[in-house]
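Trainee: So here's structure.txt (compact mmCIF, C-alpha atoms).
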# COMPACT_ATOMS: atom_id res chain seq x y z
CA MET A 1 28.18 96.58 17.68
CA SER A 2 24.85 95.36 19.02
CA ARG A 3 25.04 91.83 20.35
CA VAL A 4 22.80 88.93 21.39
CA ASP A 5 22.92 87.03 24.65
CA ALA A 6 21.53 83.71 23.46
CA HIS A 7 21.11 82.10 26.86
CA HIS A 8 19.90 83.48 30.16
CA HIS A 9 17.24 82.76 32.74
CA VAL A 10 14.90 84.43 35.19
CA TRP A 11 13.02 82.81 38.05
CA ASP A 12 10.57 83.81 40.75
CA LEU A 13 10.87 81.63 43.83
CA SER A 14 7.51 82.86 45.08
CA ALA A 15 5.80 81.50 41.96
CA HIS A 16 7.50 78.15 41.43
CA GLU A 17 9.67 75.84 43.46
CA HIS A 18 13.12 75.25 41.99
CA SER A 19 14.47 72.37 44.02
CA TRP A 20 17.79 72.41 42.17
CA LEU A 21 18.50 75.86 43.62
CA ALA A 22 18.52 74.45 47.14
CA GLY A 23 21.76 72.53 46.58
CA PRO A 24 24.96 73.21 48.51
CA GLY A 25 26.92 76.22 47.30
CA LEU A 26 23.99 77.70 45.38
CA GLU A 27 23.04 80.24 48.05
CA PRO A 28 24.21 83.23 45.93
CA ILE A 29 21.54 82.50 43.31
CA HIS A 30 18.86 81.10 45.61
CA ARG A 31 16.66 84.17 45.22
CA THR A 32 14.33 85.68 42.67
CA PHE A 33 15.88 87.15 39.52
CA GLY A 34 13.76 89.19 37.11
CA ILE A 35 14.35 90.66 33.68
CA ASP A 36 14.67 94.13 35.21
CA ASP A 37 17.80 92.89 36.99
CA LEU A 38 19.40 92.00 33.66
CA VAL A 39 18.43 95.05 31.60
CA PRO A 40 21.14 97.45 32.88
CA LEU A 41 23.81 94.74 32.75
CA ALA A 42 22.94 93.94 29.14
CA ALA A 43 22.90 97.59 28.14
CA ALA A 44 26.36 98.14 29.60
CA ALA A 45 27.66 95.20 27.56
CA ASP A 46 26.03 96.36 24.28
CA ILE A 47 23.62 93.42 24.43
CA THR A 48 20.43 94.51 22.66
CA ALA A 49 18.57 91.20 22.42
CA THR A 50 18.41 88.03 24.46
CA VAL A 51 16.97 84.53 24.47
CA LEU A 52 15.20 83.59 27.69
CA VAL A 53 15.61 79.87 28.43
CA GLN A 54 13.50 77.52 30.56
CA THR A 55 14.53 76.50 34.05
CA ALA A 56 11.70 74.18 35.08
CA SER A 57 9.67 71.35 33.57
CA LEU A 58 6.51 73.41 33.80
CA LEU A 59 4.28 74.52 30.94
CA GLN A 60 3.18 77.47 33.06
CA GLU A 61 6.75 78.78 33.12
CA THR A 62 6.75 78.81 29.31
CA VAL A 63 3.57 80.90 29.33
CA GLU A 64 5.10 83.28 31.86
CA PHE A 65 8.27 83.62 29.81
CA LEU A 66 6.24 84.52 26.71
CA GLU A 67 4.58 87.23 28.77
CA VAL A 68 8.01 88.49 29.87
CA ALA A 69 9.16 88.67 26.25
CA ALA A 70 6.05 90.55 25.19
CA SER A 71 6.46 93.10 27.96
CA ASN A 72 10.19 93.81 27.61
CA ASP A 73 12.13 94.95 24.56
CA LEU A 74 15.29 93.10 25.59
CA VAL A 75 13.91 89.55 25.25
CA ALA A 76 13.64 88.65 21.58
CA GLY A 77 12.91 84.95 21.97
CA VAL A 78 11.97 82.22 24.42
CA VAL A 79 13.12 78.61 24.68
CA GLY A 80 10.36 76.99 26.69
CA TRP A 81 9.32 73.56 27.91
CA VAL A 82 6.61 71.14 26.91
CA ASP A 83 6.23 67.47 27.75
CA LEU A 84 7.82 65.87 24.70
CA THR A 85 6.42 62.49 25.70
CA ALA A 86 2.79 63.65 25.80
CA PRO A 87 0.48 62.31 23.07
CA ASP A 88 -0.87 65.84 22.47
CA VAL A 89 2.51 67.58 22.26
CA ALA A 90 1.75 68.95 18.77
CA GLU A 91 -1.51 70.46 20.00
CA VAL A 92 0.20 72.00 23.03
CA LEU A 93 2.81 73.63 20.81
CA ALA A 94 0.11 74.92 18.47
CA LYS A 95 -1.79 76.51 21.37
CA LEU A 96 1.36 78.22 22.61
CA GLN A 97 2.12 79.57 19.16
CA ALA A 98 -1.47 80.77 18.71
CA ARG A 99 -1.22 83.05 21.75
CA PRO A 100 -0.84 86.80 21.07
CA ASP A 101 2.72 86.48 22.40
CA GLY A 102 3.30 83.07 20.81
CA GLY A 103 5.64 84.46 18.17
CA TYR A 104 8.30 84.79 20.84
CA LEU A 105 8.45 81.00 21.23
CA LYS A 106 11.57 79.98 19.32
CA GLY A 107 12.56 76.66 20.84
CA ILE A 108 11.96 73.90 23.38
CA ARG A 109 14.29 72.42 25.99
CA HIS A 110 14.28 69.63 28.54
CA GLN A 111 16.86 68.95 31.26
CA VAL A 112 18.21 65.84 29.56
CA HIS A 113 21.32 65.95 31.75
CA ASP A 114 19.11 65.13 34.74
CA GLU A 115 17.65 62.01 33.14
CA PRO A 116 19.19 58.80 34.54
CA ASP A 117 18.63 57.12 31.17
CA LEU A 118 21.58 58.23 29.02
CA GLU A 119 19.53 57.32 25.93
CA TRP A 120 16.41 59.25 26.95
CA LEU A 121 16.55 61.23 23.72
CA LEU A 122 16.23 58.00 21.72
CA ARG A 123 12.98 56.87 23.34
CA PRO A 124 10.22 56.56 20.69
CA ASP A 125 7.91 58.93 22.57
CA VAL A 126 10.66 61.54 22.88
CA GLN A 127 11.57 61.20 19.19
CA ARG A 128 7.91 61.72 18.33
CA GLY A 129 7.88 64.86 20.46
CA LEU A 130 11.04 66.17 18.85
CA ALA A 131 9.49 65.63 15.42
CA ALA A 132 6.54 67.74 16.57
CA VAL A 133 8.96 70.50 17.59
CA ALA A 134 10.44 70.44 14.08
CA ASP A 135 6.98 70.45 12.48
CA ALA A 136 6.12 73.53 14.53
CA GLY A 137 9.11 75.36 13.05
CA LEU A 138 10.93 75.52 16.38
CA VAL A 139 14.46 74.52 17.39
CA TYR A 140 15.48 72.19 20.19
CA ASP A 141 18.07 73.09 22.82
CA LEU A 142 20.19 70.12 23.93
CA LEU A 143 21.04 70.29 27.62
CA THR A 144 23.47 67.40 28.03
CA ARG A 145 26.69 66.29 29.64
CA THR A 146 29.41 64.24 27.96
CA PRO A 147 27.80 60.82 28.63
CA HIS A 148 24.65 61.95 26.80
CA LEU A 149 26.46 63.01 23.61
CA PRO A 150 26.30 59.63 21.79
CA ALA A 151 22.51 59.66 22.07
CA ALA A 152 22.44 63.32 21.01
CA ILE A 153 24.45 62.47 17.90
CA ARG A 154 22.07 59.66 16.95
CA THR A 155 19.08 61.90 17.60
CA ALA A 156 20.37 64.71 15.39
CA GLN A 157 21.09 62.16 12.68
CA ALA A 158 17.58 60.74 12.94
CA LEU A 159 15.92 64.17 12.73
CA PRO A 160 17.79 66.12 10.05
CA HIS A 161 14.84 68.51 9.63
CA LEU A 162 15.16 69.69 13.25
CA THR A 163 17.72 72.32 14.24
CA PHE A 164 19.48 71.47 17.49
CA VAL A 165 21.35 73.95 19.72
CA LEU A 166 23.90 72.43 22.09
CA ASP A 167 23.78 74.34 25.37
CA HIS A 168 26.95 75.06 27.35
CA ILE A 169 29.08 72.99 24.91
CA SER A 170 27.64 69.95 26.75
CA LYS A 171 29.12 70.95 30.11
CA PRO A 172 32.57 69.31 30.05
CA ALA A 173 34.43 69.15 33.35
CA VAL A 174 36.90 72.00 32.86
CA GLY A 175 40.35 70.89 33.93
CA GLY A 176 39.75 67.25 33.12
CA PRO A 177 40.74 65.35 29.97
CA LEU A 178 39.30 66.62 26.70
CA ASP A 179 38.21 63.17 25.55
CA PRO A 180 35.73 61.63 25.15
CA TRP A 181 33.97 65.01 25.18
CA ALA A 182 36.02 66.48 22.31
CA THR A 183 35.65 63.44 20.05
CA ASP A 184 31.90 63.26 20.56
CA LEU A 185 31.49 67.02 20.19
CA ARG A 186 33.30 66.93 16.85
CA ALA A 187 30.99 64.13 15.70
CA LEU A 188 27.97 66.23 16.67
CA ALA A 189 29.44 69.29 14.97
CA ALA A 190 29.82 67.30 11.75
CA LEU A 191 26.01 67.32 11.46
CA PRO A 192 24.78 70.45 9.65
CA ASN A 193 21.59 70.76 11.75
CA VAL A 194 23.46 71.41 15.01
CA THR A 195 24.74 74.71 16.43
CA CYS A 196 26.44 75.36 19.76
CA LYS A 197 26.29 77.91 22.56
CA LEU A 198 29.52 79.27 23.96
CA SER A 199 28.00 79.48 27.40
CA GLY A 200 28.01 78.04 30.90
CA LEU A 201 31.75 77.37 31.03
CA VAL A 202 32.69 79.40 34.11
CA THR A 203 30.52 77.23 36.33
CA GLU A 204 32.06 74.02 34.94
CA ALA A 205 35.48 75.26 36.13
CA ASP A 206 36.63 75.93 39.67
CA TRP A 207 34.31 78.77 40.72
CA SER A 208 36.93 80.69 42.69
CA THR A 209 40.17 80.12 40.79
CA TRP A 210 39.25 79.77 37.06
CA THR A 211 40.91 81.90 34.39
CA PRO A 212 40.14 82.34 30.68
CA ALA A 213 43.20 80.17 29.97
CA ASP A 214 41.43 77.27 31.73
CA LEU A 215 38.52 77.56 29.31
CA LYS A 216 40.48 78.09 26.10
CA PRO A 217 41.18 74.41 25.25
CA TYR A 218 37.44 73.79 25.25
CA THR A 219 36.39 76.88 23.32
CA ASP A 220 39.12 76.21 20.76
CA VAL A 221 37.64 72.76 20.11
CA VAL A 222 34.17 74.24 19.75
CA LEU A 223 35.18 77.04 17.40
CA GLU A 224 37.20 74.67 15.23
CA ALA A 225 34.53 71.97 15.11
CA PHE A 226 31.44 74.12 14.59
CA THR A 227 33.12 77.22 13.07
CA PRO A 228 31.91 80.63 14.26
CA ASP A 229 28.95 80.50 11.86
CA ARG A 230 27.41 77.85 14.13
CA VAL A 231 28.53 79.19 17.51
CA MET A 232 26.66 81.76 19.61
CA PHE A 233 27.46 83.55 22.85
CA GLY A 234 25.32 83.02 25.93
CA SER A 235 25.88 84.35 29.45
CA ASP A 236 23.94 81.73 31.43
CA TRP A 237 23.00 84.56 33.80
CA PRO A 238 22.20 84.35 36.69
CA VAL A 239 23.71 80.86 37.08
CA CYS A 240 27.04 82.37 36.02
CA LEU A 241 27.05 84.47 39.20
CA LEU A 242 28.32 81.44 41.09
CA ALA A 243 31.66 82.01 39.36
CA ALA A 244 31.60 85.41 37.63
CA ASP A 245 29.50 88.53 37.25
CA TYR A 246 27.88 89.48 33.95
CA PRO A 247 30.61 91.88 32.73
CA THR A 248 33.27 89.25 33.43
CA VAL A 249 31.41 86.57 31.48
CA VAL A 250 31.07 88.89 28.48
CA ALA A 251 34.70 89.99 28.70
CA THR A 252 35.84 86.37 28.94
CA ALA A 253 33.93 85.48 25.78
CA GLU A 254 35.57 88.43 24.06
CA THR A 255 39.00 87.25 25.18
CA LEU A 256 38.39 83.68 24.00
CA THR A 257 37.31 84.89 20.55
CA THR A 258 39.88 87.64 20.07
CA HIS A 259 41.66 85.63 17.36
CA LEU A 260 38.56 85.56 15.16
CA THR A 261 38.03 87.91 12.25
CA PRO A 262 35.49 90.74 12.65
CA THR A 263 33.01 88.76 10.53
CA GLU A 264 33.50 85.66 12.67
CA ARG A 265 33.04 87.64 15.86
CA GLN A 266 29.87 89.15 14.41
CA ALA A 267 28.60 85.62 13.83
CA THR A 268 29.44 84.45 17.34
CA PHE A 269 27.97 87.46 19.11
CA THR A 270 25.03 88.24 16.83
CA THR A 271 24.35 86.48 13.55
CA THR A 272 24.29 82.82 14.60
CA ALA A 273 21.74 83.44 17.33
CA THR A 274 19.64 85.76 15.19
CA THR A 275 19.51 83.26 12.34
CA THR A 276 19.10 80.09 14.40
CA TYR A 277 16.30 81.44 16.57
CA ASN A 278 14.77 83.66 13.88
CA LEU A 279 14.99 86.69 16.13
CA THR A 280 13.39 89.93 15.00
Go ahead and express the file in the form of structure tokens.

Mentor:
Amino acid sequence: MSRVDAHHHVWDLSAHEHSWLAGPGLEPIHRTFGIDDLVPLAAAADITATVLVQTASLLQETVEFLEVAASNDLVAGVVGWVDLTAPDVAEVLAKLQARPDGGYLKGIRHQVHDEPDLEWLLRPDVQRGLAAVADAGLVYDLLTRTPHLPAAIRTAQALPHLTFVLDHISKPAVGGPLDPWATDLRALAALPNVTCKLSGLVTEADWSTWTPADLKPYTDVVLEAFTPDRVMFGSDWPVCLLAADYPTVVATAETLTTHLTPTERQATFTTTATTTYNLT
């Protein structure tokens, strides 16, 4: 069965500074990673299409990612970055989409979890930008932590015409209490315009001692709340390398979804991503 990896990155440290990669413990991924590094790993895991997701608040990175997608058969879509607060955000999106490789632009993301304002998503200028994303026919990836979920819920309610994708199930602290994360996640899942990525969990657990059993309480909540039709697998490569290699991440996702029916597994590993991001 061909499968989709709905969330991975690449970065070139010689092209752009990534200050977040200089943090303690991040030495294993503090180097350049290109799409050619991922291609053999994806092939071995029967991954035939991927979504390349932004790592920096730089419009130039979005342009570079579109070029990567156009030059490599593995990347089927890009989630890029634009300044949602800019008055000309609609024009910027239109210019990106008008590029020869603009069809690969499927969504927009901002590192909301780095914003000190827990209600950043509710700012009028941000809401205006999100409306422009919807008008452009794109989706919006939510990169949040648990404290940001109330604002995410209100935002998804306010913009029912915009499809939201919750990255990394909102990064709960694995091993801690399920609430308030679980309660807020269920409230977000109750909104029909939100889907969720089963991704990024291994790095929210203890990097050296985690097991699939540690992750299961969280993935069970996600699969019950969203149902497999609104859940998609993502590796979060190469960030995942802090805690697990690519084959282990894929195998762990398989283990955590082994109770699903074949149709449900097809949704989680292929259909949800293909439909949500309009991958071709």

Trainee: Of the candidates A:Asp88, A:Asp214, A:Glu264, A:Asp36, which one gets nearest to Asn72 in chain A if we count all atoms listed in the file?

Mentor: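 Between A:Asp88, A:Asp214, A:Glu264, A:Asp36, the residue approaching Asn72 in chain A most closely is A:Asp36.
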
Trainee: Here's a test: counting only C-alpha atoms, identify every protein, DNA and RNA residue with an atom at most 6 Å from (25.4, 85.9, 34.0) in the file's coordinate frame, and state them as a PyMOL selection string.

Mentor: chain A and resi 235-238+240-241+245-246

Trainee: Show me, as JSON, numbers by chain, the residues that have an atom within 12 Å of Thr263 in chain A when counting only C-alpha atoms, minus same-chain residues fewer than 4 positions from it.

Mentor: {"A": [1, 227, 228, 229, 257, 258, 259, 267, 268, 269, 270, 271, 272]}

Trainee: Would you please work out which residue, of A:Leu41, A:Val133, A:Ala15, A:Leu279, is nearest to Val249 in chain A when using all atoms listed in the file?

Mentor: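 Checking each candidate against Val249 in chain A, we get A:Leu41 as the closest.
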
Trainee: Find the distance between CA of Pro160 in chain A and CA of Glu91 in chain A and write it in Å to one decimal.

Mentor: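 Separating CA of Pro160 in chain A from CA of Glu91 in chain A is a distance of 22.1 Å.
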
Trainee: Smallest atom-to-atom distance to Asp12 in chain A: which of A:Thr55, A:Thr48, A:Thr144, A:Thr211, using all atoms listed in the file?

Mentor: A:Thr55

Trainee: Between A:Arg230, A:His9, A:Lys216, A:Arg123, which is the closest to Leu178 in chain A once you count all atoms listed in the file?

Mentor: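 Under the stated criterion, the closest residue is A:Lys216.
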
Trainee: What does the distance from CA of Ala158 in chain A to CA of Glu224 in chain A come to in Å, to one decimal?

Mentor: 24.2 Å

Trainee: Taking into account only C-alpha atoms, which residue in the set A:Asp184, A:Asp167, A:Pro116, A:Pro212 is nearest to Leu198 in chain A?

Mentor: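 Nearest candidate to Leu198 in chain A out of A:Asp184, A:Asp167, A:Pro116, A:Pro212: A:Asp167.
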
Trainee: Name the closest residue to His113 in chain A among the candidates A:Val75, A:Ala152, A:Ala132, A:Leu162; distances are taken between atoms, counting only C-alpha atoms.

Mentor: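 Going through A:Val75, A:Ala152, A:Ala132, A:Leu162 one by one, the smallest distance to His113 in chain A is for A:Ala152.
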
Trainee: Could you pull the residues within 9 Å of Leu191 in chain A, counting only C-alpha atoms, minus those fewer than 5 positions along the same chain, as a list in words?

Mentor: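 Here the qualifying residues turn out to be Ile153, Ala156, Gln157 and Pro160 of chain A.
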
Trainee: Can you find the residues with an atom no farther than 8 Å from (10.8, 72.6, 37.3), counting all atoms listed in the file, and report them as a short mmCIF file (atom, residue, chain, number, x, y, z; two decimals) with C-alpha atoms, in the coordinates of the input?

Mentor:
data_model
loop_
_atom_site.label_atom_id
_atom_site.label_comp_id
_atom_site.auth_asym_id
_atom_site.auth_seq_id
_atom_site.Cartn_x
_atom_site.Cartn_y
_atom_site.Cartn_z
CA HIS A 16 7.50 78.15 41.43
CA GLU A 17 9.67 75.84 43.46
CA HIS A 18 13.12 75.25 41.99
CA SER A 19 14.47 72.37 44.02
CA THR A 55 14.53 76.50 34.05
CA ALA A 56 11.70 74.18 35.08
CA SER A 57 9.67 71.35 33.57
CA LEU A 58 6.51 73.41 33.80
#

Trainee: Can you work out the spacing between CA of Ile29 in chain A and CA of Val112 in chain A in Å, to one decimal?

Mentor: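 These atoms are spaced 21.9 Å apart.
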
Trainee: Quick one: everything within 10 Å of Pro124 in chain A, counting only C-alpha atoms, minus sequence neighbours fewer than 5 positions away in the same chain. Send it as a VMD selection string.

Mentor: chain A and resid 85 129 to 130

Trainee: Put the listed atoms of range 77-90 of chain A in a box along x, y and z with 8 Å added on every side and give me the centre and edge lengths in Å to one decimal, as JSON.

Mentor:
{"center_x": 6.1, "center_y": 73.6, "center_z": 23.3, "size_x": 30.0, "size_y": 38.6, "size_z": 25.1}

Trainee: Using only C-alpha atoms, determine which residues lie at most 12 Å from Gln111 in chain A, disregarding the query and same-chain residues fewer than 3 positions distant; provide the list as JSON, numbers by chain.

Mentor: {"A": [20, 53, 54, 55, 56, 57, 58, 80, 81, 82, 83, 84, 108, 114, 115, 116, 117, 118, 120, 121, 140, 141, 142, 143, 144, 145, 148, 167, 170]}

Trainee: Print the selection's residues with C-alpha atoms to a file, as a CSV table (one decimal), in the frame of the given file.

Mentor:
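File part-v3.csv, as written:
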chain,number,residue,atom,x,y,z
A,20,TRP,CA,17.8,72.4,42.2
A,53,VAL,CA,15.6,79.9,28.4
A,54,GLN,CA,13.5,77.5,30.6
A,55,THR,CA,14.5,76.5,34.0
A,56,ALA,CA,11.7,74.2,35.1
A,57,SER,CA,9.7,71.4,33.6
A,58,LEU,CA,6.5,73.4,33.8
A,80,GLY,CA,10.4,77.0,26.7
A,81,TRP,CA,9.3,73.6,27.9
A,82,VAL,CA,6.6,71.1,26.9
A,83,ASP,CA,6.2,67.5,27.8
A,84,LEU,CA,7.8,65.9,24.7
A,108,ILE,CA,12.0,73.9,23.4
A,114,ASP,CA,19.1,65.1,34.7
A,115,GLU,CA,17.6,62.0,33.1
A,116,PRO,CA,19.2,58.8,34.5
A,117,ASP,CA,18.6,57.1,31.2
A,118,LEU,CA,21.6,58.2,29.0
A,120,TRP,CA,16.4,59.2,27.0
A,121,LEU,CA,16.6,61.2,23.7
A,140,TYR,CA,15.5,72.2,20.2
A,141,ASP,CA,18.1,73.1,22.8
A,142,LEU,CA,20.2,70.1,23.9
A,143,LEU,CA,21.0,70.3,27.6
A,144,THR,CA,23.5,67.4,28.0
A,145,ARG,CA,26.7,66.3,29.6
A,148,HIS,CA,24.6,62.0,26.8
A,167,ASP,CA,23.8,74.3,25.4
A,170,SER,CA,27.6,70.0,26.8

Trainee: Please provide the set of residues having any atom within 7 Å of range 205-210 of chain A, restricted to only C-alpha atoms, with same-chain residues fewer than 3 positions apart removed, written as a list of chain:residue names.

Mentor: A:Ala173, A:Val174, A:Gly175, A:Leu201, A:Val202, A:Asp214, A:Leu242, A:Ala243

Trainee: Some atoms are missing, so please complete range 78-91 of chain A with N, CA and C atoms and return it as a PDB file, in the frame of the given file.

Mentor:
ATOM      1  N   VAL A  78      12.109  83.088  23.253  1.00  0.00           N
ATOM      2  CA  VAL A  78      11.970  82.220  24.420  1.00  0.00           C
ATOM      3  C   VAL A  78      12.216  80.775  23.998  1.00  0.00           C
ATOM      4  N   VAL A  79      13.011  80.070  24.783  1.00  0.00           N
ATOM      5  CA  VAL A  79      13.120  78.610  24.680  1.00  0.00           C
ATOM      6  C   VAL A  79      12.359  78.052  25.882  1.00  0.00           C
ATOM      7  N   GLY A  80      11.224  77.447  25.621  1.00  0.00           N
ATOM      8  CA  GLY A  80      10.360  76.990  26.690  1.00  0.00           C
ATOM      9  C   GLY A  80      10.407  75.488  26.894  1.00  0.00           C
ATOM     10  N   TRP A  81       9.412  75.002  27.620  1.00  0.00           N
ATOM     11  CA  TRP A  81       9.320  73.560  27.910  1.00  0.00           C
ATOM     12  C   TRP A  81       7.927  73.073  27.599  1.00  0.00           C
ATOM     13  N   VAL A  82       7.846  71.915  26.998  1.00  0.00           N
ATOM     14  CA  VAL A  82       6.610  71.140  26.910  1.00  0.00           C
ATOM     15  C   VAL A  82       6.979  69.693  27.185  1.00  0.00           C
ATOM     16  N   ASP A  83       5.996  68.893  27.520  1.00  0.00           N
ATOM     17  CA  ASP A  83       6.230  67.470  27.750  1.00  0.00           C
ATOM     18  C   ASP A  83       6.358  66.785  26.392  1.00  0.00           C
ATOM     19  N   LEU A  84       7.579  66.490  26.000  1.00  0.00           N
ATOM     20  CA  LEU A  84       7.820  65.870  24.700  1.00  0.00           C
ATOM     21  C   LEU A  84       7.193  64.487  24.594  1.00  0.00           C
ATOM     22  N   THR A  85       6.952  63.853  25.717  1.00  0.00           N
ATOM     23  CA  THR A  85       6.420  62.490  25.700  1.00  0.00           C
ATOM     24  C   THR A  85       4.890  62.461  25.660  1.00  0.00           C
ATOM     25  N   ALA A  86       4.242  63.609  25.769  1.00  0.00           N
ATOM     26  CA  ALA A  86       2.790  63.650  25.800  1.00  0.00           C
ATOM     27  C   ALA A  86       2.192  63.359  24.423  1.00  0.00           C
ATOM     28  N   PRO A  87       1.107  62.596  24.368  1.00  0.00           N
ATOM     29  CA  PRO A  87       0.480  62.310  23.070  1.00  0.00           C
ATOM     30  C   PRO A  87       0.009  63.562  22.337  1.00  0.00           C
ATOM     31  N   ASP A  88      -0.336  64.625  23.094  1.00  0.00           N
ATOM     32  CA  ASP A  88      -0.870  65.840  22.470  1.00  0.00           C
ATOM     33  C   ASP A  88       0.175  66.938  22.347  1.00  0.00           C
ATOM     34  N   VAL A  89       1.448  66.569  22.273  1.00  0.00           N
ATOM     35  CA  VAL A  89       2.510  67.580  22.260  1.00  0.00           C
ATOM     36  C   VAL A  89       2.340  68.546  21.085  1.00  0.00           C
ATOM     37  N   ALA A  90       1.931  68.061  19.924  1.00  0.00           N
ATOM     38  CA  ALA A  90       1.750  68.950  18.770  1.00  0.00           C
ATOM     39  C   ALA A  90       0.659  69.980  19.035  1.00  0.00           C
ATOM     40  N   GLU A  91      -0.411  69.549  19.683  1.00  0.00           N
ATOM     41  CA  GLU A  91      -1.510  70.460  20.000  1.00  0.00           C
ATOM     42  C   GLU A  91      -1.081  71.496  21.036  1.00  0.00           C
TER      43      GLU A  91
END
